[in-house]
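Structure record follows, encoded as structure tokens.
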Amino acid sequence: MKTEHQPTPDTSAPVARMQGINKWYGSFHALRDVDLQVASGERVVICGPSGSGKSTLVRTVNLLEPFQQGRLQVCGVDVGADEITRAARRAVNRRVGMVFQQFNLFPHMTVLQNLIVGPVWGSGIARKEVEELALRYLQRVGLTDQAHKHPAQLSGGQQQRVAIARALCTRPQLILFDEPTASLDPEMVNEVLQTMEGLAAEGMTMMVVTHEMGFARRVADRVIFMDQGQIIETAPPDDFFDRPQSARLRSFLSRVLTH
Amino acid sequence: MSRAVFMERLPGYIGQTVMLVVVGWLVWRAVSNFQANARTLGLSAGFGFLHAQAGFEIAQSLIPFTPASPYLDAIVAATLNTLLVVVLAGVLSTLIGLCAAFGRLAPGGLVRGASSAYVEVFRNIPLLLQILFWYASVLVLLPPVGDSIQIGPALLNNRGFFLPGLQIDPTLALNRPHVEGFDVSGGIVILPELMALTLGLTIYNSTFLAEIFRAGILSVPRGQIEAAATVGLSGARAAFLIVLPQALRVALPAAGGQYQTLAKASSLAAAIGYPDIMQIVGGTVASQTSQALEAMALVVLLYAAINLSIALIVGLANRRLLAREGRQA
Amino acid sequence: MTTHFVRQTLIDARSAPVAALPIATRWRRAMFPTPPMGALSLLLLAVFAVLGWRFLEWAVVHAHWLGDSSEACPGDAGACWAFVAARWKPWLVGNYPSDQLWRPWTCFAAFALFWIWVVRRSHAASLQRVLLGFILLPVGFFLVLIGGGPLPVVAATRWGGLLLTLVVTLTTFATALPLGLCLALGRRSRLAVARWLCGAFVEGMRAVPLLAVLFIAATLVPLFLPRGLSVDLFPRAVVAFALFNAAMAAEVFRGGLQAVGRGQIEAGTTVGLSDFATLRLIVLPQAVTAVVPALVNIMIAVIKETTLLSVIGVNDLLGAVEIGAKSPDWIGESNILTSGYVFLAVAYLMVCYGLSRYSRRLETQR
């Protein structure tokens, strides 16, 4: 059953748009003619077999990976393939947040320091203001009393929730999730998914790469299936899971949903 | 490349150009200073001296060498002497290092303690000090030529350890060393300098190799020893057949680095007068021809070549070992 | 035979039974577990006993403790500690003027206090203060020892012995580490020329023996200097030392930088940090903390390398001992020089072993 959410996606100004994006790793064609648009408040889930390019896709959105052909527009930053400058990357990353599969928390800093280092030293916001914000987000993910611990002292699920809070502290217009629960023990997957569902309910625009089909059904506005570097099929979750149109998606679903 | 990307890279391009200009200017200034100073001091340039007569003796030479031989021969003899001590010390320190590594991991407390003490003591005393100590002791303990110790056909005195050599003509016979006045003629000599240098290098490097091998042995997973036990191998058999091959593969790159360090450390021969590259080319040749630049350039090239060769051999061995396991470097 | 079972009450934990083996058996198992091990242990014990007794005989029983010339130590049955005692001043401070000795003593005391503070400090936050101290200390030493202004000037050529070894070690440490870090960062630079220059320098220095570098500094460098500019041997040797060890430090730092995963840099980017801020706040702290034990090992290596200075004629601790054994008062028996060597060996052993213990403690502390 789908959760009620407010507000509904705004189709006027897309938060992210990829036009004819092509990316090569050396001679390997990793992303092929990708055209994609994400509206404000929209929740997009991307799934597909391993090696299909889904991680590469989201990592191209915030310019962690460059692309060789096409045009990308993200949160007001507009770059073509030969216009990817360090300044553009910084501009995008100030408006887009990311949550990694391996958490990538800074081990030499406390949880609180992890949250404030980006806004204070990257965006130049006053420390006090950022600390207040950070504590609020820690409360939001339910980890207030871990604020002064180091990441190594937390469980995997707690670390990933800190990573989500860290992404939120930069006040992003869009959050990218790259297989956020793939490295977690099964009993901790739920706490992270619940946090993400809470974010979705508040209207946060998100692109999520995941294998968690239950999450996709409950939360997504749109599910995208990728294979061999290209978008094969896109549909709202009910149509995607119950009435798959392409043969590839049908065979993928039959392999994934049987266990 | 778009304008935006170019503007962003521009400071980098300018910086690199500045770096090249500065380095180039420094090199040009240094070269012109050198030429001016060389002219003032009347130094000759170039490698023509290689064909000139050396005019000095070399106490130990694996190729025929007399004062009438050219400098080139002197350099070859010196290089061979360096290779000799490096190979000797390398082989001996590997054997001792393996023993010490196993000793530190042995079950008996005394053996462990003795091995650890050996490694700690000789690792922390400077190599030069050890070499000088052995040199002083070796010379002190050995008798003068007149009172040489006779061990079979061999002679031992403070000029060295003289072994009988093989003489091909006119007939196949042993070339026995015998005392002539204040010197010894005939036979093959092992110089006290070589003995001291080999001893010092062997002991010092064996401690580092012991640690490298020990780390390699410890890196073999416990499961291997346990599996060996389940198929009936234990103790020394398991150590040789199962643990050691895997340990050596892990330790090989680090050991290769240590052999390179050994090759460089052999240059301390110059401190006790053993005729190696540093002593002959960097010392005698440089001072006699007054062409320090060419001599030191040769020294640098020779040591770099030796190091490169060691790296290549170790790399080859590493690839072979990995291929045997079906893996890739 | 029951196929079903449900435990009603849980078993509480109990304390383990005490081992009933007598001490003698436990000791025997530890020392002589198998016959071959036992035989080897006994053999080693015998060897140690013989060597140990011979050494004690030489070093203590027949040793000569007092005297001020080689006549105090005839023969070679006993060590000549009189040599060590008589030469304490040149070995500690070289040729430093006797009325200004308070300056070296101050330096030694300052270093001792600093080192005690370093070893005692507990948490990693003051790592920066330690490194800062290592840089300020040699600067302070140079100012105090050379003088100028109210203090009479004492040229560096008059320094020697332990003082010189200490100054060279600290100066090398203070210059080689920052330079090595710059070289390691340069090798990772976007700019190809920087990568090339730093890489060539580091690989070049690593391919060559330190003694060759010192020889070049001693004999070749003056030929490359413009006419009229002459630099003393001591500063040239110190610079050569620093450059050589900077290349060694660069390799250590390169390992530390590589050990910080790519994910850390990506995370820094995604929270909005610039490349430089990511390097400064995320990468460097992790890289430097990771290599501190290796840096201490470099310091140990530098201490041992200072002995090479004696080969090119700089009067370090080893050089001072050799000069002493050739001085008119003490020339003669080689046993005198050997006694000096043994004394030096014990001194270096204590210092280097202590430092390596400290390095191991640092490794396990994290």
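Please note that chains go A, B, ... in the order of the structure tokens, that every chain numbers its residues from 1, and that ligands are numbered from 1 in the order shown.
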
Tell me as an mmCIF file with N, CA, C and O atoms, in the first residue's frame which residues belonging to chain B come within 8 Å of chain C, counting only C-alpha atoms.
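What follows is the written file part_37.cif:
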data_model
loop_
_atom_site.group_PDB
_atom_site.id
_atom_site.type_symbol
_atom_site.label_atom_id
_atom_site.label_comp_id
_atom_site.auth_asym_id
_atom_site.auth_seq_id
_atom_site.Cartn_x
_atom_site.Cartn_y
_atom_site.Cartn_z
ATOM 1 N N GLY B 12 47.151 26.124 -13.661
ATOM 2 C CA GLY B 12 47.985 24.925 -13.658
ATOM 3 C C GLY B 12 49.017 24.962 -14.768
ATOM 4 O O GLY B 12 50.186 24.625 -14.559
ATOM 5 N N TYR B 13 48.597 25.357 -15.971
ATOM 6 C CA TYR B 13 49.540 25.424 -17.089
ATOM 7 C C TYR B 13 50.633 26.438 -16.798
ATOM 8 O O TYR B 13 51.824 26.196 -17.036
ATOM 9 N N GLN B 16 53.046 25.121 -14.199
ATOM 10 C CA GLN B 16 53.976 24.107 -14.705
ATOM 11 C C GLN B 16 55.067 24.746 -15.542
ATOM 12 O O GLN B 16 56.233 24.353 -15.488
ATOM 13 N N MET B 19 57.510 26.247 -13.226
ATOM 14 C CA MET B 19 58.355 25.209 -12.628
ATOM 15 C C MET B 19 59.454 24.791 -13.594
ATOM 16 O O MET B 19 60.623 24.684 -13.213
ATOM 17 N N LEU B 20 59.063 24.549 -14.854
ATOM 18 C CA LEU B 20 60.062 24.108 -15.833
ATOM 19 C C LEU B 20 61.120 25.188 -16.030
ATOM 20 O O LEU B 20 62.313 24.902 -16.117
ATOM 21 N N ALA B 30 73.921 25.948 -12.892
ATOM 22 C CA ALA B 30 74.840 24.977 -12.298
ATOM 23 C C ALA B 30 75.862 24.517 -13.330
ATOM 24 O O ALA B 30 77.058 24.428 -13.043
ATOM 25 N N VAL B 31 75.382 24.231 -14.540
ATOM 26 C CA VAL B 31 76.300 23.745 -15.576
ATOM 27 C C VAL B 31 77.329 24.819 -15.922
ATOM 28 O O VAL B 31 78.529 24.546 -16.049
ATOM 29 N N ASN B 33 78.365 27.306 -14.039
ATOM 30 C CA ASN B 33 79.291 27.418 -12.916
ATOM 31 C C ASN B 33 80.341 26.331 -12.974
ATOM 32 O O ASN B 33 81.529 26.560 -12.774
ATOM 33 N N PHE B 34 79.853 25.120 -13.259
ATOM 34 C CA PHE B 34 80.770 23.987 -13.286
ATOM 35 C C PHE B 34 81.820 24.183 -14.369
ATOM 36 O O PHE B 34 83.012 23.954 -14.144
ATOM 37 N N ASN B 37 84.315 26.802 -13.194
ATOM 38 C CA ASN B 37 85.214 26.284 -12.167
ATOM 39 C C ASN B 37 86.177 25.251 -12.735
ATOM 40 O O ASN B 37 87.355 25.218 -12.381
ATOM 41 N N ALA B 38 85.664 24.414 -13.620
ATOM 42 C CA ALA B 38 86.533 23.379 -14.202
ATOM 43 C C ALA B 38 87.658 24.017 -14.997
ATOM 44 O O ALA B 38 88.798 23.562 -14.961
ATOM 45 N N PRO B 107 58.489 -22.848 19.464
ATOM 46 C CA PRO B 107 57.774 -23.076 20.715
ATOM 47 C C PRO B 107 58.628 -22.912 21.971
ATOM 48 O O PRO B 107 58.127 -22.512 22.999
ATOM 49 N N GLY B 108 59.942 -23.191 21.889
ATOM 50 C CA GLY B 108 60.761 -23.135 23.089
ATOM 51 C C GLY B 108 61.084 -21.713 23.504
ATOM 52 O O GLY B 108 61.488 -20.896 22.681
ATOM 53 N N GLY B 109 60.931 -21.399 24.773
ATOM 54 C CA GLY B 109 61.126 -20.033 25.250
ATOM 55 C C GLY B 109 62.536 -19.535 25.068
ATOM 56 O O GLY B 109 62.769 -18.384 24.694
ATOM 57 N N LEU B 110 63.538 -20.416 25.311
ATOM 58 C CA LEU B 110 64.930 -19.977 25.206
ATOM 59 C C LEU B 110 65.293 -19.649 23.762
ATOM 60 O O LEU B 110 65.968 -18.653 23.481
ATOM 61 N N VAL B 111 64.817 -20.518 22.850
ATOM 62 C CA VAL B 111 65.141 -20.291 21.438
ATOM 63 C C VAL B 111 64.519 -18.981 20.970
ATOM 64 O O VAL B 111 65.148 -18.167 20.279
ATOM 65 N N ALA B 114 66.491 -16.071 22.497
ATOM 66 C CA ALA B 114 67.799 -15.875 21.876
ATOM 67 C C ALA B 114 67.646 -15.228 20.502
ATOM 68 O O ALA B 114 68.384 -14.310 20.143
ATOM 69 N N GLU B 120 67.121 -7.879 17.853
ATOM 70 C CA GLU B 120 67.055 -6.533 18.424
ATOM 71 C C GLU B 120 68.437 -5.916 18.566
ATOM 72 O O GLU B 120 68.634 -4.742 18.259
ATOM 73 N N VAL B 121 69.411 -6.718 19.045
ATOM 74 C CA VAL B 121 70.737 -6.148 19.288
ATOM 75 C C VAL B 121 71.366 -5.691 17.978
ATOM 76 O O VAL B 121 71.810 -4.547 17.840
ATOM 77 N N ASN B 124 69.838 -2.581 15.990
ATOM 78 C CA ASN B 124 69.895 -1.235 16.529
ATOM 79 C C ASN B 124 71.302 -0.665 16.653
ATOM 80 O O ASN B 124 71.465 0.457 17.104
ATOM 81 N N ILE B 125 72.308 -1.437 16.287
ATOM 82 C CA ILE B 125 73.662 -0.885 16.265
ATOM 83 C C ILE B 125 73.956 -0.475 14.830
ATOM 84 O O ILE B 125 73.736 -1.249 13.907
ATOM 85 N N PRO B 126 74.462 0.760 14.612
ATOM 86 C CA PRO B 126 74.679 1.223 13.243
ATOM 87 C C PRO B 126 75.577 0.267 12.463
ATOM 88 O O PRO B 126 76.534 -0.291 12.999
ATOM 89 N N LEU B 127 75.267 0.097 11.193
ATOM 90 C CA LEU B 127 75.999 -0.846 10.350
ATOM 91 C C LEU B 127 77.469 -0.487 10.258
ATOM 92 O O LEU B 127 78.344 -1.352 10.353
ATOM 93 N N LEU B 128 77.763 0.801 10.101
ATOM 94 C CA LEU B 128 79.155 1.226 9.982
ATOM 95 C C LEU B 128 79.935 0.821 11.222
ATOM 96 O O LEU B 128 81.069 0.336 11.140
ATOM 97 N N LEU B 129 79.329 0.993 12.380
ATOM 98 C CA LEU B 129 79.992 0.637 13.623
ATOM 99 C C LEU B 129 80.278 -0.858 13.661
ATOM 100 O O LEU B 129 81.361 -1.294 14.074
ATOM 101 N N PHE B 133 83.947 -2.541 13.740
ATOM 102 C CA PHE B 133 84.273 -3.419 14.850
ATOM 103 C C PHE B 133 84.840 -4.742 14.345
ATOM 104 O O PHE B 133 85.877 -5.208 14.813
ATOM 105 N N ALA B 136 88.317 -4.190 12.963
ATOM 106 C CA ALA B 136 89.334 -4.037 13.992
ATOM 107 C C ALA B 136 89.624 -5.380 14.653
ATOM 108 O O ALA B 136 90.781 -5.749 14.852
ATOM 109 N N SER B 137 88.564 -6.126 14.992
ATOM 110 C CA SER B 137 88.776 -7.409 15.681
ATOM 111 C C SER B 137 89.474 -8.384 14.773
ATOM 112 O O SER B 137 90.391 -9.081 15.186
ATOM 113 N N VAL B 140 93.016 -7.664 14.510
ATOM 114 C CA VAL B 140 93.727 -7.870 15.765
ATOM 115 C C VAL B 140 94.000 -9.340 16.002
ATOM 116 O O VAL B 140 95.088 -9.731 16.410
ATOM 117 N N LYS B 264 73.061 -1.091 -1.649
ATOM 118 C CA LYS B 264 73.500 0.280 -1.378
ATOM 119 C C LYS B 264 74.408 0.323 -0.158
ATOM 120 O O LYS B 264 75.377 1.080 -0.117
ATOM 121 N N ALA B 265 74.089 -0.481 0.859
ATOM 122 C CA ALA B 265 74.888 -0.450 2.079
ATOM 123 C C ALA B 265 76.300 -0.977 1.831
ATOM 124 O O ALA B 265 77.225 -0.631 2.572
ATOM 125 N N SER B 267 78.269 -0.007 -0.075
ATOM 126 C CA SER B 267 79.141 1.125 -0.365
ATOM 127 C C SER B 267 79.977 1.519 0.843
ATOM 128 O O SER B 267 80.973 2.231 0.700
ATOM 129 N N LEU B 268 79.593 1.063 2.043
ATOM 130 C CA LEU B 268 80.397 1.362 3.223
ATOM 131 C C LEU B 268 81.775 0.733 3.147
ATOM 132 O O LEU B 268 82.618 0.983 4.011
ATOM 133 N N ALA B 271 84.722 2.813 3.778
ATOM 134 C CA ALA B 271 85.194 3.179 5.112
ATOM 135 C C ALA B 271 86.347 2.286 5.572
ATOM 136 O O ALA B 271 87.115 2.676 6.439
ATOM 137 N N MET B 278 82.355 2.146 -4.653
ATOM 138 C CA MET B 278 82.494 3.404 -3.915
ATOM 139 C C MET B 278 83.957 3.731 -3.679
ATOM 140 O O MET B 278 84.390 4.859 -3.868
ATOM 141 N N GLY B 282 84.523 5.930 -6.819
ATOM 142 C CA GLY B 282 84.223 7.181 -6.143
ATOM 143 C C GLY B 282 85.408 7.744 -5.394
ATOM 144 O O GLY B 282 85.465 8.927 -5.098
ATOM 145 N N ALA B 292 85.882 14.393 -10.723
ATOM 146 C CA ALA B 292 84.904 13.904 -9.761
ATOM 147 C C ALA B 292 83.528 13.755 -10.393
ATOM 148 O O ALA B 292 82.790 12.825 -10.077
ATOM 149 N N LEU B 293 83.161 14.647 -11.318
ATOM 150 C CA LEU B 293 81.824 14.598 -11.892
ATOM 151 C C LEU B 293 81.602 13.299 -12.651
ATOM 152 O O LEU B 293 80.630 12.584 -12.419
ATOM 153 N N MET B 296 81.673 10.281 -10.124
ATOM 154 C CA MET B 296 80.465 10.133 -9.315
ATOM 155 C C MET B 296 79.270 9.769 -10.185
ATOM 156 O O MET B 296 78.369 9.041 -9.760
ATOM 157 N N VAL B 299 79.472 6.166 -10.539
ATOM 158 C CA VAL B 299 79.060 5.532 -9.283
ATOM 159 C C VAL B 299 77.538 5.452 -9.203
ATOM 160 O O VAL B 299 76.950 4.396 -8.943
ATOM 161 N N VAL B 300 76.892 6.603 -9.459
ATOM 162 C CA VAL B 300 75.430 6.648 -9.373
ATOM 163 C C VAL B 300 74.812 5.672 -10.373
ATOM 164 O O VAL B 300 73.901 4.907 -10.040
ATOM 165 N N TYR B 303 75.337 1.901 -9.252
ATOM 166 C CA TYR B 303 74.447 1.472 -8.168
ATOM 167 C C TYR B 303 72.996 1.430 -8.629
ATOM 168 O O TYR B 303 72.236 0.535 -8.272
ATOM 169 N N ALA B 304 72.594 2.415 -9.442
ATOM 170 C CA ALA B 304 71.217 2.398 -9.951
ATOM 171 C C ALA B 304 70.995 1.160 -10.802
ATOM 172 O O ALA B 304 69.933 0.521 -10.718
ATOM 173 N N ASN B 307 70.612 -1.846 -8.509
ATOM 174 C CA ASN B 307 69.297 -1.832 -7.874
ATOM 175 C C ASN B 307 68.204 -2.222 -8.842
ATOM 176 O O ASN B 307 67.274 -2.962 -8.509
#

inquiry  = Residues of chain B within 8 Å of chain A, counting only C-alpha atoms, what are they? List them as a ChimeraX atom specification.
reply    = /B:1-5,8

How would the residues just picked look written out with all heavy atoms as a short mmCIF file (atom, residue, chain, number, x, y, z; two decimals), in the first residue's frame?
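Final file, result34.cif:
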data_model
loop_
_atom_site.label_atom_id
_atom_site.label_comp_id
_atom_site.auth_asym_id
_atom_site.auth_seq_id
_atom_site.Cartn_x
_atom_site.Cartn_y
_atom_site.Cartn_z
N MET B 1 37.85 21.10 -25.61
CA MET B 1 37.88 21.71 -24.28
C MET B 1 37.17 23.05 -24.32
O MET B 1 37.44 23.88 -25.16
CB MET B 1 39.34 21.91 -23.87
CG MET B 1 39.49 22.41 -22.48
SD MET B 1 41.18 22.86 -22.09
CE MET B 1 42.09 21.47 -22.69
N SER B 2 36.22 23.24 -23.41
CA SER B 2 35.46 24.48 -23.44
C SER B 2 36.25 25.59 -22.77
O SER B 2 37.27 25.38 -22.12
CB SER B 2 34.15 24.28 -22.69
OG SER B 2 34.44 24.11 -21.32
N ARG B 3 35.75 26.79 -22.90
CA ARG B 3 36.43 27.94 -22.33
C ARG B 3 36.49 27.81 -20.81
O ARG B 3 37.50 28.12 -20.19
CB ARG B 3 35.66 29.20 -22.74
CG ARG B 3 36.32 30.46 -22.30
CD ARG B 3 35.48 31.68 -22.67
NE ARG B 3 35.76 32.78 -21.76
CZ ARG B 3 36.88 33.52 -21.79
NH1 ARG B 3 37.80 33.25 -22.68
NH2 ARG B 3 37.07 34.48 -20.93
N ALA B 4 35.37 27.34 -20.23
CA ALA B 4 35.34 27.25 -18.76
C ALA B 4 36.43 26.30 -18.25
O ALA B 4 37.14 26.61 -17.29
CB ALA B 4 33.96 26.76 -18.31
N VAL B 5 36.56 25.16 -18.91
CA VAL B 5 37.57 24.20 -18.46
C VAL B 5 38.96 24.77 -18.66
O VAL B 5 39.84 24.63 -17.79
CB VAL B 5 37.42 22.87 -19.24
CG1 VAL B 5 38.57 21.94 -18.94
CG2 VAL B 5 36.11 22.21 -18.88
N GLU B 8 39.88 27.21 -16.03
CA GLU B 8 40.17 26.57 -14.75
C GLU B 8 41.55 25.93 -14.77
O GLU B 8 42.24 25.89 -13.74
CB GLU B 8 39.10 25.52 -14.44
CG GLU B 8 39.12 25.10 -12.98
CD GLU B 8 37.94 24.24 -12.65
OE1 GLU B 8 37.88 23.12 -13.18
OE2 GLU B 8 37.09 24.70 -11.87
#

Check your understanding: If we count only C-alpha atoms, which residues of chain A reach to within 7 Å of chain C? Please list them as a PyMOL selection string.
Key -> chain A and resi 90+93-94+97-98+104+106+108+118+121-123+167+170

| query | Skipping near chain neighbours, those fewer than 4 positions away, what residues fall within 9 Å of Cys169 in chain A using only C-alpha atoms, listed as JSON, numbers by chain? | reply | {"A": [97, 115, 116, 118, 119, 130, 133, 134, 137, 164, 165], "C": [271]}

Separating CA of Arg39 in chain B from CA of Ala52 in chain B, to the nearest tenth of an Å, is a gap of 21.1 Å

From range 37-183 of chain C, collect each residue whose DSSP state is strand (DSSP E or B) and return the set as an NGL selection string.
:C and (64 or 80 or 94 or 148 or 151 or 159)

Writing out the chosen residues with all heavy atoms as a PDB file, in the first residue's frame:
ATOM      1  N   HIS C  64      90.337  -1.723  32.650  1.00  0.00           N
ATOM      2  CA  HIS C  64      91.041  -0.612  33.271  1.00  0.00           C
ATOM      3  C   HIS C  64      90.109   0.589  33.290  1.00  0.00           C
ATOM      4  O   HIS C  64      89.624   1.019  32.254  1.00  0.00           O
ATOM      5  CB  HIS C  64      92.296  -0.265  32.477  1.00  0.00           C
ATOM      6  CG  HIS C  64      93.131  -1.469  32.154  1.00  0.00           C
ATOM      7  ND1 HIS C  64      93.990  -2.032  33.062  1.00  0.00           N
ATOM      8  CD2 HIS C  64      93.208  -2.225  31.027  1.00  0.00           C
ATOM      9  CE1 HIS C  64      94.580  -3.081  32.503  1.00  0.00           C
ATOM     10  NE2 HIS C  64      94.120  -3.223  31.278  1.00  0.00           N
ATOM     11  N   CYS C  80      89.327  -0.851  27.877  1.00  0.00           N
ATOM     12  CA  CYS C  80      89.963   0.387  28.310  1.00  0.00           C
ATOM     13  C   CYS C  80      88.908   1.446  28.564  1.00  0.00           C
ATOM     14  O   CYS C  80      88.734   2.364  27.756  1.00  0.00           O
ATOM     15  CB  CYS C  80      90.963   0.841  27.245  1.00  0.00           C
ATOM     16  SG  CYS C  80      92.052   2.134  27.829  1.00  0.00           S
ATOM     17  N   GLY C  94      82.447  17.764  21.281  1.00  0.00           N
ATOM     18  CA  GLY C  94      83.445  18.100  20.275  1.00  0.00           C
ATOM     19  C   GLY C  94      84.398  19.149  20.780  1.00  0.00           C
ATOM     20  O   GLY C  94      84.873  19.088  21.903  1.00  0.00           O
ATOM     21  N   GLY C 148      75.806  34.754  18.479  1.00  0.00           N
ATOM     22  CA  GLY C 148      75.594  36.030  17.801  1.00  0.00           C
ATOM     23  C   GLY C 148      74.816  36.936  18.725  1.00  0.00           C
ATOM     24  O   GLY C 148      74.005  36.466  19.512  1.00  0.00           O
ATOM     25  N   LEU C 151      75.516  36.548  22.838  1.00  0.00           N
ATOM     26  CA  LEU C 151      76.314  35.343  23.036  1.00  0.00           C
ATOM     27  C   LEU C 151      77.478  35.326  22.054  1.00  0.00           C
ATOM     28  O   LEU C 151      77.323  35.624  20.876  1.00  0.00           O
ATOM     29  CB  LEU C 151      75.453  34.097  22.787  1.00  0.00           C
ATOM     30  CG  LEU C 151      74.297  33.846  23.744  1.00  0.00           C
ATOM     31  CD1 LEU C 151      73.447  32.691  23.240  1.00  0.00           C
ATOM     32  CD2 LEU C 151      74.827  33.523  25.130  1.00  0.00           C
ATOM     33  N   TRP C 159      81.660  22.246  16.621  1.00  0.00           N
ATOM     34  CA  TRP C 159      80.781  21.276  17.238  1.00  0.00           C
ATOM     35  C   TRP C 159      81.261  19.883  16.923  1.00  0.00           C
ATOM     36  O   TRP C 159      81.898  19.650  15.905  1.00  0.00           O
ATOM     37  CB  TRP C 159      79.350  21.415  16.706  1.00  0.00           C
ATOM     38  CG  TRP C 159      78.777  22.769  16.795  1.00  0.00           C
ATOM     39  CD1 TRP C 159      79.335  23.885  17.330  1.00  0.00           C
ATOM     40  CD2 TRP C 159      77.512  23.158  16.297  1.00  0.00           C
ATOM     41  NE1 TRP C 159      78.500  24.936  17.214  1.00  0.00           N
ATOM     42  CE2 TRP C 159      77.364  24.526  16.572  1.00  0.00           C
ATOM     43  CE3 TRP C 159      76.479  22.484  15.642  1.00  0.00           C
ATOM     44  CZ2 TRP C 159      76.233  25.231  16.230  1.00  0.00           C
ATOM     45  CZ3 TRP C 159      75.354  23.185  15.294  1.00  0.00           C
ATOM     46  CH2 TRP C 159      75.233  24.551  15.586  1.00  0.00           C
TER      47      TRP C 159
END

Residues near range 68-74 of chain A, cut-off 12 Å, only C-alpha atoms, skip fewer than 6 positions along chain, as a PyMOL selection string:
(chain A and resi 13-27+29-40+57-58+60-62+80-84+88-97+172-175) or (chain B and resi 1)

Computed gap from CA of Ala39 in chain C to CA of Ile23 in chain C is 21.2 Å

| field | Pick from C:Leu181, C:Ile336, C:Leu164, C:Ala247 nearest to Ala63 in chain C, counting only C-alpha atoms | value |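 So, comparing all the options, the nearest one is C:Ile336.
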
Quick one: residues within 12 Å of range 223-227 of chain A, only C-alpha atoms, excluding same-chain residues fewer than 6 positions away - as a VMD selection string? chain A and resid 30 to 38 42 to 58 206 to 217 233 to 241 244 to 253

Subject >> For Ala182 in chain A: contacts at 9 Å, only C-alpha atoms, fewer than 2 positions along chain excluded, given as a PyMOL selection string >> reply: chain A and resi 101-102+179-180+184-185+189+210-211

Save the residues we just selected, N, CA, C and O atoms, as an mmCIF file, in the first residue's frame?
data_model
loop_
_atom_site.group_PDB
_atom_site.id
_atom_site.type_symbol
_atom_site.label_atom_id
_atom_site.label_comp_id
_atom_site.auth_asym_id
_atom_site.auth_seq_id
_atom_site.Cartn_x
_atom_site.Cartn_y
_atom_site.Cartn_z
ATOM 1 N N GLN A 101 27.134 3.356 -0.218
ATOM 2 C CA GLN A 101 26.961 1.985 0.263
ATOM 3 C C GLN A 101 27.903 1.701 1.427
ATOM 4 O O GLN A 101 27.544 1.028 2.386
ATOM 5 N N GLN A 102 29.133 2.230 1.375
ATOM 6 C CA GLN A 102 30.110 1.981 2.431
ATOM 7 C C GLN A 102 30.120 3.076 3.494
ATOM 8 O O GLN A 102 31.109 3.224 4.200
ATOM 9 N N GLU A 179 22.887 2.313 -3.242
ATOM 10 C CA GLU A 179 22.773 1.024 -2.551
ATOM 11 C C GLU A 179 22.994 1.174 -1.047
ATOM 12 O O GLU A 179 23.892 0.571 -0.479
ATOM 13 N N PRO A 180 22.183 1.984 -0.375
ATOM 14 C CA PRO A 180 22.461 2.345 1.023
ATOM 15 C C PRO A 180 22.375 1.180 1.995
ATOM 16 O O PRO A 180 22.982 1.250 3.061
ATOM 17 N N LEU A 184 24.652 -3.695 4.899
ATOM 18 C CA LEU A 184 24.164 -3.829 6.275
ATOM 19 C C LEU A 184 23.731 -5.252 6.558
ATOM 20 O O LEU A 184 23.221 -5.952 5.684
ATOM 21 N N ASP A 185 23.892 -5.650 7.812
ATOM 22 C CA ASP A 185 23.320 -6.915 8.261
ATOM 23 C C ASP A 185 21.787 -6.817 8.179
ATOM 24 O O ASP A 185 21.223 -5.750 8.407
ATOM 25 N N VAL A 189 18.744 -3.352 8.208
ATOM 26 C CA VAL A 189 18.272 -2.746 6.966
ATOM 27 C C VAL A 189 17.010 -1.932 7.230
ATOM 28 O O VAL A 189 16.851 -0.823 6.719
ATOM 29 N N THR A 210 18.762 0.678 -5.466
ATOM 30 C CA THR A 210 18.583 -0.309 -4.408
ATOM 31 C C THR A 210 18.030 -1.603 -4.983
ATOM 32 O O THR A 210 17.498 -1.635 -6.089
ATOM 33 N N HIS A 211 18.197 -2.678 -4.196
ATOM 34 C CA HIS A 211 17.556 -3.949 -4.541
ATOM 35 C C HIS A 211 16.315 -4.175 -3.696
ATOM 36 O O HIS A 211 15.676 -5.205 -3.832
#

- request: From the DSSP assignment of the backbone, select every residue of range 54-280 of chain C that is alpha helix (DSSP H), and format the answer as a PyMOL selection string.
  value: chain C and resi 54-56+81-86+88-93+102-120+127-146+161-187+192-207+210-215+221-224+233-259+262-270+275-278

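Distance check against Tyr118 in chain B using only C-alpha atoms: of B:Phe208, B:Thr198, B:Asn81, B:Pro153, the minimum falls on B:Phe208.
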
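Computed from the coordinates, the CA of Gly228 in chain C to CA of Val154 in chain C distance equals 23.2 Å.
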
Query raised in the report: Contacts of Glu211 in chain B at 10 Å or less, counting only C-alpha atoms, minus same-chain residues fewer than 4 places along, as a list in words?
Result: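 The filter keeps Gly97, Leu98, Ala100, Ala101, Arg104, Ser116, Val119, Ser206, Thr207, Ala215, Gly216, Ile217, Ala251 and Ala255 of chain B.
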